[in-house]
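For reference, upload.txt is printed below; it contains compact mmCIF, C-alpha atoms and all ligand atoms.
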# COMPACT_ATOMS: atom_id res chain seq x y z
CA MET A 1 0.00 0.00 0.00
CA PRO A 2 1.47 3.39 -0.96
CA LEU A 3 1.97 6.24 1.51
CA PRO A 4 -1.24 8.34 1.66
CA LYS A 5 -0.70 11.84 0.29
CA ALA A 6 -2.31 14.94 -1.24
CA GLU A 7 -1.25 16.26 -4.62
CA LEU A 8 -1.25 20.07 -4.70
CA HIS A 9 0.64 20.88 -7.89
CA LEU A 10 -0.79 19.10 -10.88
CA HIS A 11 -1.78 20.56 -14.24
CA ILE A 12 -4.59 18.42 -15.58
CA GLU A 13 -3.52 19.17 -19.16
CA GLY A 14 -0.10 17.81 -18.19
CA THR A 15 -1.60 14.39 -17.52
CA LEU A 16 -2.37 13.85 -21.21
CA GLU A 17 -0.54 10.60 -21.99
CA PRO A 18 0.49 9.99 -25.62
CA GLU A 19 -1.96 7.09 -25.97
CA LEU A 20 -4.91 9.23 -24.87
CA ALA A 21 -3.69 12.11 -27.06
CA PHE A 22 -3.89 9.87 -30.14
CA GLU A 23 -7.23 8.40 -29.07
CA LEU A 24 -8.75 11.88 -28.66
CA ALA A 25 -7.15 13.08 -31.90
CA ALA A 26 -8.85 10.22 -33.76
CA ARG A 27 -12.17 10.82 -31.99
CA ASN A 28 -12.12 14.54 -32.84
CA GLY A 29 -10.55 14.38 -36.31
CA VAL A 30 -7.50 16.34 -35.18
CA GLU A 31 -4.26 15.77 -37.07
CA LEU A 32 -1.19 15.52 -34.81
CA PRO A 33 2.22 16.21 -36.36
CA TYR A 34 3.60 12.91 -35.02
CA ALA A 35 3.29 9.50 -36.67
CA ASP A 36 2.63 7.59 -33.46
CA THR A 37 3.12 7.59 -29.69
CA GLU A 38 6.72 6.50 -30.03
CA GLU A 39 7.59 9.47 -32.25
CA LEU A 40 5.68 11.78 -29.91
CA ARG A 41 7.62 10.50 -26.89
CA LYS A 42 10.84 11.42 -28.68
CA ALA A 43 9.73 15.06 -28.45
CA TYR A 44 9.82 14.85 -24.63
CA ASP A 45 13.44 15.93 -24.42
CA PHE A 46 13.13 19.43 -23.03
CA GLU A 47 15.71 22.20 -22.80
CA ASP A 48 13.79 24.42 -20.41
CA LEU A 49 10.29 25.44 -19.37
CA GLN A 50 9.45 27.11 -22.70
CA SER A 51 10.40 24.10 -24.82
CA PHE A 52 8.05 21.97 -22.69
CA LEU A 53 5.26 24.55 -22.85
CA ASN A 54 5.41 24.55 -26.66
CA LEU A 55 4.53 20.84 -26.77
CA TYR A 56 2.10 21.10 -23.84
CA TYR A 57 0.03 23.74 -25.68
CA GLU A 58 0.35 21.97 -29.04
CA LEU A 59 -1.10 18.68 -27.73
CA MET A 60 -4.06 20.44 -26.12
CA ALA A 61 -5.54 20.67 -29.63
CA VAL A 62 -7.04 17.20 -29.06
CA LEU A 63 -9.13 18.37 -26.07
CA ARG A 64 -12.41 19.56 -27.53
CA THR A 65 -15.49 18.24 -25.75
CA GLU A 66 -16.75 17.78 -22.20
CA ARG A 67 -16.16 14.07 -22.61
CA ASP A 68 -12.50 14.69 -23.50
CA PHE A 69 -11.94 16.62 -20.27
CA GLU A 70 -13.86 13.98 -18.32
CA ASP A 71 -11.73 11.18 -19.78
CA LEU A 72 -8.54 13.13 -19.10
CA ALA A 73 -9.45 13.72 -15.45
CA ASN A 74 -10.63 10.15 -14.91
CA ALA A 75 -7.36 8.76 -16.28
CA TYR A 76 -5.39 11.01 -13.92
CA LEU A 77 -7.52 10.18 -10.87
CA ALA A 78 -7.16 6.43 -11.45
CA ARG A 79 -3.38 6.70 -11.69
CA ALA A 80 -3.15 9.07 -8.73
CA ALA A 81 -5.29 6.80 -6.55
CA ALA A 82 -3.04 3.84 -7.38
CA GLN A 83 -0.08 5.89 -6.08
CA GLY A 84 -1.68 6.77 -2.74
CA VAL A 85 -3.28 10.13 -3.55
CA ARG A 86 -6.24 10.74 -1.22
CA HIS A 87 -6.82 14.39 -2.12
CA ALA A 88 -5.92 16.34 -5.28
CA GLU A 89 -6.01 20.09 -5.92
CA ILE A 90 -6.01 20.25 -9.69
CA PHE A 91 -4.87 23.14 -11.89
CA PHE A 92 -6.43 23.88 -15.24
CA ASP A 93 -5.52 26.48 -17.88
CA PRO A 94 -8.76 27.90 -19.33
CA GLN A 95 -7.07 30.52 -21.53
CA ALA A 96 -5.32 27.78 -23.49
CA HIS A 97 -8.76 26.35 -24.32
CA LEU A 98 -10.72 29.59 -24.78
CA ALA A 99 -8.11 30.61 -27.37
CA ARG A 100 -9.01 27.47 -29.38
CA GLY A 101 -12.74 28.13 -29.18
CA VAL A 102 -13.37 25.66 -26.34
CA GLY A 103 -15.55 27.40 -23.77
CA MET A 104 -15.15 27.66 -20.01
CA GLY A 105 -18.33 25.61 -19.56
CA THR A 106 -16.98 22.73 -21.65
CA VAL A 107 -13.80 22.61 -19.61
CA VAL A 108 -15.29 22.98 -16.13
CA GLU A 109 -18.36 20.81 -16.73
CA GLY A 110 -16.21 18.13 -18.36
CA LEU A 111 -13.68 18.06 -15.53
CA TRP A 112 -16.53 18.13 -13.03
CA ARG A 113 -18.12 15.01 -14.48
CA ALA A 114 -14.99 13.15 -13.34
CA LEU A 115 -14.32 15.13 -10.15
CA GLY A 116 -17.89 14.83 -8.93
CA GLU A 117 -17.57 11.04 -8.93
CA SER A 118 -13.97 10.86 -7.84
CA GLU A 119 -14.58 10.03 -4.19
CA ALA A 120 -16.94 7.20 -5.04
CA ARG A 121 -14.90 5.85 -7.96
CA HIS A 122 -11.32 6.48 -6.92
CA GLY A 123 -11.43 7.36 -3.22
CA VAL A 124 -9.85 10.73 -4.01
CA SER A 125 -11.34 14.06 -2.86
CA THR A 126 -10.69 16.93 -5.26
CA GLN A 127 -10.66 20.70 -5.73
CA LEU A 128 -10.12 22.81 -8.85
CA ILE A 129 -7.70 25.73 -9.13
CA MET A 130 -7.97 27.96 -12.22
CA CYS A 131 -4.62 29.25 -13.46
CA PHE A 132 -3.93 32.43 -15.40
CA LEU A 133 -1.26 32.25 -18.10
CA ARG A 134 1.37 34.79 -17.07
CA ASP A 135 2.60 35.27 -20.64
CA GLU A 136 -0.88 36.50 -21.59
CA SER A 137 -2.05 40.01 -20.67
CA ALA A 138 -3.48 41.17 -17.35
CA GLU A 139 -6.70 42.07 -19.25
CA SER A 140 -7.00 38.53 -20.53
CA ALA A 141 -6.68 37.23 -16.95
CA LEU A 142 -9.47 39.59 -15.85
CA GLU A 143 -11.68 38.39 -18.74
CA THR A 144 -10.96 34.80 -17.74
CA LEU A 145 -12.02 35.44 -14.15
CA GLU A 146 -15.20 37.04 -15.50
CA ALA A 147 -15.89 33.98 -17.69
CA ALA A 148 -15.45 31.73 -14.65
CA LYS A 149 -18.07 33.53 -12.56
CA PRO A 150 -20.91 31.08 -13.35
CA TYR A 151 -18.68 28.20 -12.17
CA LEU A 152 -17.17 29.59 -8.98
CA ASP A 153 -18.94 27.03 -6.79
CA ARG A 154 -16.64 24.49 -8.44
CA ILE A 155 -13.39 26.45 -8.23
CA VAL A 156 -11.55 26.81 -4.92
CA GLY A 157 -8.84 29.20 -6.02
CA VAL A 158 -6.65 30.82 -8.64
CA GLY A 159 -3.05 30.22 -9.68
CA LEU A 160 -0.47 31.60 -12.09
CA ASP A 161 1.54 29.48 -14.50
CA SER A 162 3.25 29.32 -17.93
CA ALA A 163 6.46 31.18 -18.91
CA GLU A 164 7.76 32.83 -15.75
CA VAL A 165 10.78 34.97 -16.61
CA GLY A 166 9.78 38.49 -17.69
CA HIS A 167 6.26 38.08 -16.28
CA PRO A 168 6.52 39.12 -12.63
CA PRO A 169 3.62 38.54 -10.24
CA VAL A 170 2.88 42.28 -9.99
CA LYS A 171 1.45 42.15 -13.53
CA PHE A 172 -1.53 40.29 -12.02
CA ARG A 173 -2.21 42.44 -8.96
CA GLU A 174 -5.67 43.50 -10.10
CA VAL A 175 -6.99 40.05 -10.99
CA TYR A 176 -5.71 38.60 -7.71
CA GLU A 177 -7.45 41.39 -5.79
CA ALA A 178 -10.66 40.59 -7.67
CA ALA A 179 -10.22 36.87 -6.97
CA ALA A 180 -9.70 37.53 -3.26
CA ALA A 181 -12.86 39.66 -3.19
CA LEU A 182 -14.74 36.67 -4.65
CA GLY A 183 -13.50 34.49 -1.80
CA LEU A 184 -11.05 32.49 -3.92
CA ARG A 185 -7.84 31.03 -2.46
CA ARG A 186 -4.61 32.23 -4.10
CA VAL A 187 -1.44 30.42 -5.17
CA ALA A 188 1.20 31.19 -7.83
CA HIS A 189 4.14 29.56 -9.54
CA ALA A 190 7.24 31.50 -8.50
CA GLY A 191 10.95 30.79 -8.27
CA GLU A 192 10.91 27.90 -10.76
CA GLU A 193 12.95 29.68 -13.45
CA GLY A 194 12.28 33.18 -12.13
CA PRO A 195 14.28 34.89 -9.36
CA PRO A 196 13.61 34.77 -5.60
CA GLU A 197 12.14 38.30 -5.84
CA TYR A 198 9.15 36.82 -7.67
CA ILE A 199 8.41 34.68 -4.60
CA THR A 200 8.42 37.74 -2.34
CA GLU A 201 6.25 39.64 -4.81
CA ALA A 202 3.73 36.77 -5.06
CA LEU A 203 3.38 36.84 -1.27
CA ASP A 204 3.29 40.61 -0.81
CA VAL A 205 1.48 41.80 -3.93
CA LEU A 206 -0.76 38.85 -4.82
CA GLY A 207 -1.36 37.62 -1.27
CA VAL A 208 -0.75 33.98 -2.16
CA GLU A 209 -0.98 31.30 0.52
CA ARG A 210 1.26 28.73 -1.18
CA ILE A 211 4.14 29.01 -3.62
CA ASP A 212 4.27 26.56 -6.51
CA HIS A 213 7.87 25.38 -6.97
CA GLY A 214 9.67 28.13 -5.01
CA LEU A 215 12.95 26.30 -5.55
CA ARG A 216 15.00 29.45 -6.01
CA CYS A 217 14.16 30.72 -2.51
CA MET A 218 17.36 28.88 -1.55
CA GLU A 219 19.35 31.76 -3.09
CA ASP A 220 18.07 34.17 -0.44
CA ALA A 221 18.60 33.26 3.23
CA ALA A 222 16.30 36.03 4.50
CA LEU A 223 13.52 34.77 2.24
CA VAL A 224 13.98 31.19 3.48
CA GLU A 225 13.74 32.48 7.05
CA ARG A 226 10.52 34.28 6.19
CA LEU A 227 8.96 31.26 4.46
CA VAL A 228 9.80 29.13 7.50
CA ARG A 229 8.47 31.71 9.96
CA GLU A 230 5.22 32.22 8.05
CA ARG A 231 4.83 28.49 7.33
CA ILE A 232 4.32 29.14 3.60
CA PRO A 233 4.01 25.79 1.82
CA LEU A 234 6.13 25.11 -1.27
CA THR A 235 4.81 22.64 -3.81
CA LEU A 236 7.98 21.11 -5.19
CA CYS A 237 8.09 18.92 -8.30
CA PRO A 238 11.43 17.08 -8.35
CA LEU A 239 11.10 15.11 -11.62
CA SER A 240 9.83 18.24 -13.37
CA ASN A 241 12.91 20.16 -12.17
CA VAL A 242 15.20 17.56 -13.73
CA ARG A 243 13.27 17.34 -17.03
CA LEU A 244 13.14 21.15 -17.38
CA ARG A 245 16.79 21.41 -16.33
CA THR A 246 16.24 23.58 -13.28
CA VAL A 247 18.47 21.05 -11.52
CA ASP A 248 21.05 18.95 -13.36
CA VAL A 249 20.38 15.59 -11.74
CA LEU A 250 17.98 14.48 -9.04
CA ALA A 251 20.87 13.77 -6.65
CA ASP A 252 21.55 17.55 -6.68
CA HIS A 253 17.98 18.50 -5.77
CA PRO A 254 17.84 20.90 -2.80
CA LEU A 255 14.87 19.10 -1.19
CA PRO A 256 16.90 17.69 1.76
CA ALA A 257 18.45 21.10 2.43
CA MET A 258 15.01 22.70 2.20
CA LEU A 259 13.57 20.26 4.74
CA ASP A 260 16.59 20.78 7.00
CA ALA A 261 15.99 24.53 6.80
CA GLY A 262 12.49 23.94 8.18
CA LEU A 263 10.58 24.79 4.98
CA LEU A 264 7.11 23.31 4.60
CA CYS A 265 7.85 21.31 1.45
CA THR A 266 5.51 19.05 -0.46
CA VAL A 267 6.31 16.70 -3.37
CA ASN A 268 4.12 16.74 -6.49
CA SER A 269 4.18 15.69 -10.13
CA ASP A 270 3.42 18.94 -12.07
CA ASP A 271 2.88 17.42 -15.56
CA PRO A 272 3.31 13.69 -14.99
CA ALA A 273 2.69 12.55 -18.58
CA TYR A 274 5.64 14.68 -19.70
CA PHE A 275 8.08 14.44 -16.80
CA GLY A 276 8.45 10.73 -16.23
CA GLY A 277 6.13 9.99 -13.37
CA TYR A 278 3.15 10.56 -11.12
CA VAL A 279 3.42 11.71 -7.52
CA GLY A 280 4.25 8.30 -6.08
CA ASP A 281 7.02 8.02 -8.69
CA ASN A 282 8.32 11.40 -7.49
CA PHE A 283 8.36 10.11 -3.90
CA ASP A 284 10.17 6.93 -4.98
CA ALA A 285 12.69 8.92 -7.04
CA VAL A 286 13.62 11.34 -4.25
CA ARG A 287 13.79 8.50 -1.79
CA SER A 288 16.38 6.63 -3.82
CA ALA A 289 18.30 9.57 -5.35
CA LEU A 290 18.47 11.62 -2.17
CA GLY A 291 18.47 8.85 0.41
CA LEU A 292 15.46 10.29 2.22
CA GLU A 293 14.60 8.40 5.36
CA GLU A 294 11.14 7.05 6.04
CA GLU A 295 10.32 9.76 8.57
CA ARG A 296 11.24 12.41 5.98
CA LEU A 297 8.78 10.81 3.55
CA ARG A 298 6.14 10.80 6.28
CA GLU A 299 6.87 14.49 6.89
CA LEU A 300 6.34 15.22 3.17
CA ALA A 301 3.02 13.35 3.21
CA ARG A 302 1.94 15.12 6.42
CA ASN A 303 2.88 18.48 4.88
CA SER A 304 0.74 17.77 1.82
CA PHE A 305 -2.40 17.57 3.95
CA VAL A 306 -1.36 20.46 6.20
CA ALA A 307 -0.89 22.63 3.09
CA SER A 308 -4.10 21.54 1.36
CA PHE A 309 -7.19 23.73 1.12
CA LEU A 310 -9.33 21.57 3.40
CA GLU A 311 -10.42 24.31 5.80
CA HIS A 312 -14.06 23.57 4.96
CA ASP A 313 -13.64 20.00 6.20
CA GLU A 314 -11.14 19.78 9.05
CA GLU A 315 -12.53 16.39 9.99
CA ARG A 316 -11.39 15.04 6.65
CA ARG A 317 -7.94 16.61 7.02
CA ALA A 318 -7.61 15.01 10.47
CA ARG A 319 -8.62 11.63 9.01
CA TYR A 320 -6.01 11.88 6.26
CA LEU A 321 -3.33 12.98 8.73
CA ALA A 322 -4.16 10.03 10.97
CA GLU A 323 -3.67 7.73 7.95
CA VAL A 324 -0.20 9.23 7.43
CA GLU A 325 0.78 8.69 11.06
CA ALA A 326 -0.53 5.11 11.03
CA TYR A 327 1.32 4.22 7.80
CA ARG A 328 3.93 1.46 8.06
CA PHE A 329 6.69 1.54 5.47
N1 LIG A 401 5.60 25.69 -14.97
C1 LIG A 401 4.89 26.72 -15.43
N2 LIG A 401 3.76 26.57 -16.11
C2 LIG A 401 3.31 25.34 -16.33
C3 LIG A 401 4.00 24.25 -15.88
C4 LIG A 401 5.21 24.42 -15.16
O1 LIG A 401 5.89 23.48 -14.73
N3 LIG A 401 3.28 23.16 -16.27
C5 LIG A 401 2.19 23.61 -16.92
N4 LIG A 401 2.21 24.94 -16.97
ZN ZN A 402 3.43 23.70 -12.46
Before anything else, please render the file you have as structure tokens.
Amino acid sequence: MPLPKAELHLHIEGTLEPELAFELAARNGVELPYADTEELRKAYDFEDLQSFLNLYYELMAVLRTERDFEDLANAYLARAAAQGVRHAEIFFDPQAHLARGVGMGTVVEGLWRALGESEARHGVSTQLIMCFLRDESAESALETLEAAKPYLDRIVGVGLDSAEVGHPPVKFREVYEAAAALGLRRVAHAGEEGPPEYITEALDVLGVERIDHGLRCMEDAALVERLVRERIPLTLCPLSNVRLRTVDVLADHPLPAMLDAGLLCTVNSDDPAYFGGYVGDNFDAVRSALGLEEERLRELARNSFVASFLEHDEERRARYLAEVEAYRF
């Protein structure tokens, strides 16, 4: 039985496996510029975040109907459940779909068909977090929030993703203020490729409660001290960092140093179809590459529930935390 855990940094579009991409392409009459899954997999050799994003957006062309989003989410939830995920807070990128003429309703209703049944089918509780693409304009983010208004009962919070460098958090001050006024929780990617200052700005200007990635905080001792003091969770994605060349090899990953510093770290999969593994695979990989002891793994699992947006159901959080404490390796 795998260690029970929450997944807090997962882009649903990044769970599109090559086999499902071809199946949906055939179903929707979309032509992919790859002969087969094998040729597609050869394109998964990334130089950096942007080279990954190019493929990530290209493959989204196959996602067209509610059923496509439902199938995508169901495939993820089944795999996540098999790796011990008990709760998942799932990112989606509506602007990438709206730009292709796929409406907000299609995306949210489709995902919801799977999420609404997830507890019964997979034993996984879920929440949805809508991300703004930081390489799109601030106006576009505001329009996206407006388009989401009919669906806010299904969306717990907002996030910020896509190409980081050159798109500082401050660009999205207004839309984050509007999201806060609507009662939405706030997170943002920061310090993945961008500098530590983006982490500070996400906290101070956008009012985020968690930082996605946050790896580069380690370049600023005062910032680390602050993140520890304020108990700001970081949603790390070790296999993603290796595939996008933010760290050279997994053995060099700063996770052990971050835990030693007292940071509230969690381990997540980011875009598992592209980066070589789901969240349990990330746990296994850091365990063997970094020699993490069992109690460190338990700490990571505990942190995932502590950092999750379960304030509406503390009884559930307590139940999950008890499962972590009772787990025998
Ligand atoms: N970083 C930024 N944006 C993203 C990512 C990521 O790892 N995955 C999907 N969108
Ligand atoms: Zn991410």
Compile a residue-level contact table for chain A against ligand ZN 402 (chain A) at a cut-off of 9 Å, reporting for every qualifying residue the shortest atom pair and its distance in Å to one decimal, with all atoms listed in the file counted, rows ordered by chain and ascending number, as a tab-separated table.
residue	atom	partner	partner_atom	distance
A:His9	CA	A:ZN402	ZN	6.1
A:Leu10	CA	A:ZN402	ZN	6.4
A:His11	CA	A:ZN402	ZN	6.3
A:Gly14	CA	A:ZN402	ZN	8.9
A:Phe91	CA	A:ZN402	ZN	8.3
A:Leu160	CA	A:ZN402	ZN	8.8
A:Asp161	CA	A:ZN402	ZN	6.4
A:Ser162	CA	A:ZN402	ZN	7.8
A:His189	CA	A:ZN402	ZN	6.6
A:Glu192	CA	A:ZN402	ZN	8.7
A:Asp212	CA	A:ZN402	ZN	6.7
A:His213	CA	A:ZN402	ZN	7.3
A:Thr235	CA	A:ZN402	ZN	8.8
A:Leu236	CA	A:ZN402	ZN	9.0
A:Cys237	CA	A:ZN402	ZN	7.9
A:Ser240	CA	A:ZN402	ZN	8.5
A:Ser269	CA	A:ZN402	ZN	8.4
A:Asp270	CA	A:ZN402	ZN	4.8
A:Asp271	CA	A:ZN402	ZN	7.0
Selection near Leu227 in chain A, 12 Å with all atoms listed in the file, sequence-local residues under 3 positions removed, as an MDAnalysis selection string: chainID A and resid 196 199:200 203 209:211 214:215 217:218 220:224 230:234 258:259 261:265
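The environment of Ala82 in chain A within 9 Å, counting only C-alpha atoms and disregarding residues fewer than 5 places along the same chain, consists of Met1, Pro2, Leu77, His122 and Gly280 of chain A.
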Within 7 Å of (11.0, 19.1, -17.8) in the file's own coordinates, which protein, DNA or RNA residues have an atom, counting only C-alpha atoms? List them as a PDB file with C-alpha atoms, in the coordinates of the input.
ATOM      1  CA  PHE A  46      13.130  19.430 -23.030  1.00  0.00           C
ATOM      2  CA  ASP A  48      13.790  24.420 -20.410  1.00  0.00           C
ATOM      3  CA  LEU A  49      10.290  25.440 -19.370  1.00  0.00           C
ATOM      4  CA  PHE A  52       8.050  21.970 -22.690  1.00  0.00           C
ATOM      5  CA  SER A 240       9.830  18.240 -13.370  1.00  0.00           C
ATOM      6  CA  ASN A 241      12.910  20.160 -12.170  1.00  0.00           C
ATOM      7  CA  VAL A 242      15.200  17.560 -13.730  1.00  0.00           C
ATOM      8  CA  ARG A 243      13.270  17.340 -17.030  1.00  0.00           C
ATOM      9  CA  LEU A 244      13.140  21.150 -17.380  1.00  0.00           C
ATOM     10  CA  ARG A 245      16.790  21.410 -16.330  1.00  0.00           C
ATOM     11  CA  PHE A 275       8.080  14.440 -16.800  1.00  0.00           C
TER      12      PHE A 275
END
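In this model, the gap between CA of Gly103 in chain A and CA of Val208 in chain A comes to 27.0 Å.
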Generate all heavy atoms for range 154-164 of chain A and emit them as a CSV table (one decimal), in the coordinates of the input.
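The resulting file, rebuild_9.csv, is reproduced below:
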chain,number,residue,atom,x,y,z
A,154,ARG,N,-17.5,25.7,-8.2
A,154,ARG,CA,-16.6,24.5,-8.4
A,154,ARG,C,-15.1,24.8,-8.4
A,154,ARG,O,-14.3,23.9,-8.7
A,154,ARG,CB,-17.0,23.9,-9.8
A,154,ARG,CG,-18.4,23.4,-9.8
A,154,ARG,CD,-19.0,23.0,-11.1
A,154,ARG,NE,-20.3,22.6,-10.9
A,154,ARG,CZ,-21.0,21.9,-11.8
A,154,ARG,NH1,-20.4,21.6,-12.9
A,154,ARG,NH2,-22.3,21.6,-11.6
A,155,ILE,N,-14.8,26.0,-8.1
A,155,ILE,CA,-13.4,26.4,-8.2
A,155,ILE,C,-13.0,27.0,-6.9
A,155,ILE,O,-13.6,27.9,-6.4
A,155,ILE,CB,-13.2,27.5,-9.3
A,155,ILE,CG1,-13.6,26.9,-10.7
A,155,ILE,CG2,-11.8,28.1,-9.4
A,155,ILE,CD1,-13.6,27.9,-11.9
A,156,VAL,N,-11.9,26.4,-6.3
A,156,VAL,CA,-11.6,26.8,-4.9
A,156,VAL,C,-10.6,28.0,-4.9
A,156,VAL,O,-10.5,28.8,-4.0
A,156,VAL,CB,-10.9,25.6,-4.1
A,156,VAL,CG1,-9.6,25.3,-4.7
A,156,VAL,CG2,-10.9,25.9,-2.7
A,157,GLY,N,-9.8,28.1,-6.0
A,157,GLY,CA,-8.8,29.2,-6.0
A,157,GLY,C,-8.3,29.5,-7.4
A,157,GLY,O,-8.6,28.9,-8.4
A,158,VAL,N,-7.3,30.5,-7.4
A,158,VAL,CA,-6.6,30.8,-8.6
A,158,VAL,C,-5.1,30.6,-8.5
A,158,VAL,O,-4.6,30.7,-7.4
A,158,VAL,CB,-6.9,32.3,-9.1
A,158,VAL,CG1,-8.4,32.4,-9.4
A,158,VAL,CG2,-6.5,33.3,-8.0
A,159,GLY,N,-4.5,30.4,-9.6
A,159,GLY,CA,-3.0,30.2,-9.7
A,159,GLY,C,-2.5,31.0,-10.9
A,159,GLY,O,-3.2,31.6,-11.7
A,160,LEU,N,-1.2,30.9,-11.0
A,160,LEU,CA,-0.5,31.6,-12.1
A,160,LEU,C,0.6,30.7,-12.6
A,160,LEU,O,1.4,30.2,-11.9
A,160,LEU,CB,0.2,32.9,-11.5
A,160,LEU,CG,0.8,33.9,-12.4
A,160,LEU,CD1,-0.3,34.5,-13.3
A,160,LEU,CD2,1.4,35.0,-11.5
A,161,ASP,N,0.5,30.4,-13.9
A,161,ASP,CA,1.5,29.5,-14.5
A,161,ASP,C,2.0,29.9,-15.9
A,161,ASP,O,1.8,31.1,-16.3
A,161,ASP,CB,1.0,28.0,-14.5
A,161,ASP,CG,-0.2,27.8,-15.4
A,161,ASP,OD1,-0.6,28.8,-16.1
A,161,ASP,OD2,-0.7,26.7,-15.4
A,162,SER,N,2.6,29.1,-16.6
A,162,SER,CA,3.2,29.3,-17.9
A,162,SER,C,4.6,30.1,-17.8
A,162,SER,O,5.1,30.1,-16.7
A,162,SER,CB,2.3,30.0,-18.9
A,162,SER,OG,2.6,29.8,-20.2
A,163,ALA,N,5.1,30.7,-18.9
A,163,ALA,CA,6.5,31.2,-18.9
A,163,ALA,C,6.7,32.2,-17.8
A,163,ALA,O,6.0,33.3,-17.9
A,163,ALA,CB,6.7,31.8,-20.3
A,164,GLU,N,7.6,32.0,-16.9
A,164,GLU,CA,7.8,32.8,-15.8
A,164,GLU,C,8.6,34.1,-16.0
A,164,GLU,O,8.2,35.2,-15.6
A,164,GLU,CB,8.3,32.0,-14.6
A,164,GLU,CG,8.4,32.8,-13.3
A,164,GLU,CD,9.0,32.0,-12.1
A,164,GLU,OE1,9.5,30.8,-12.3
A,164,GLU,OE2,9.0,32.5,-11.0
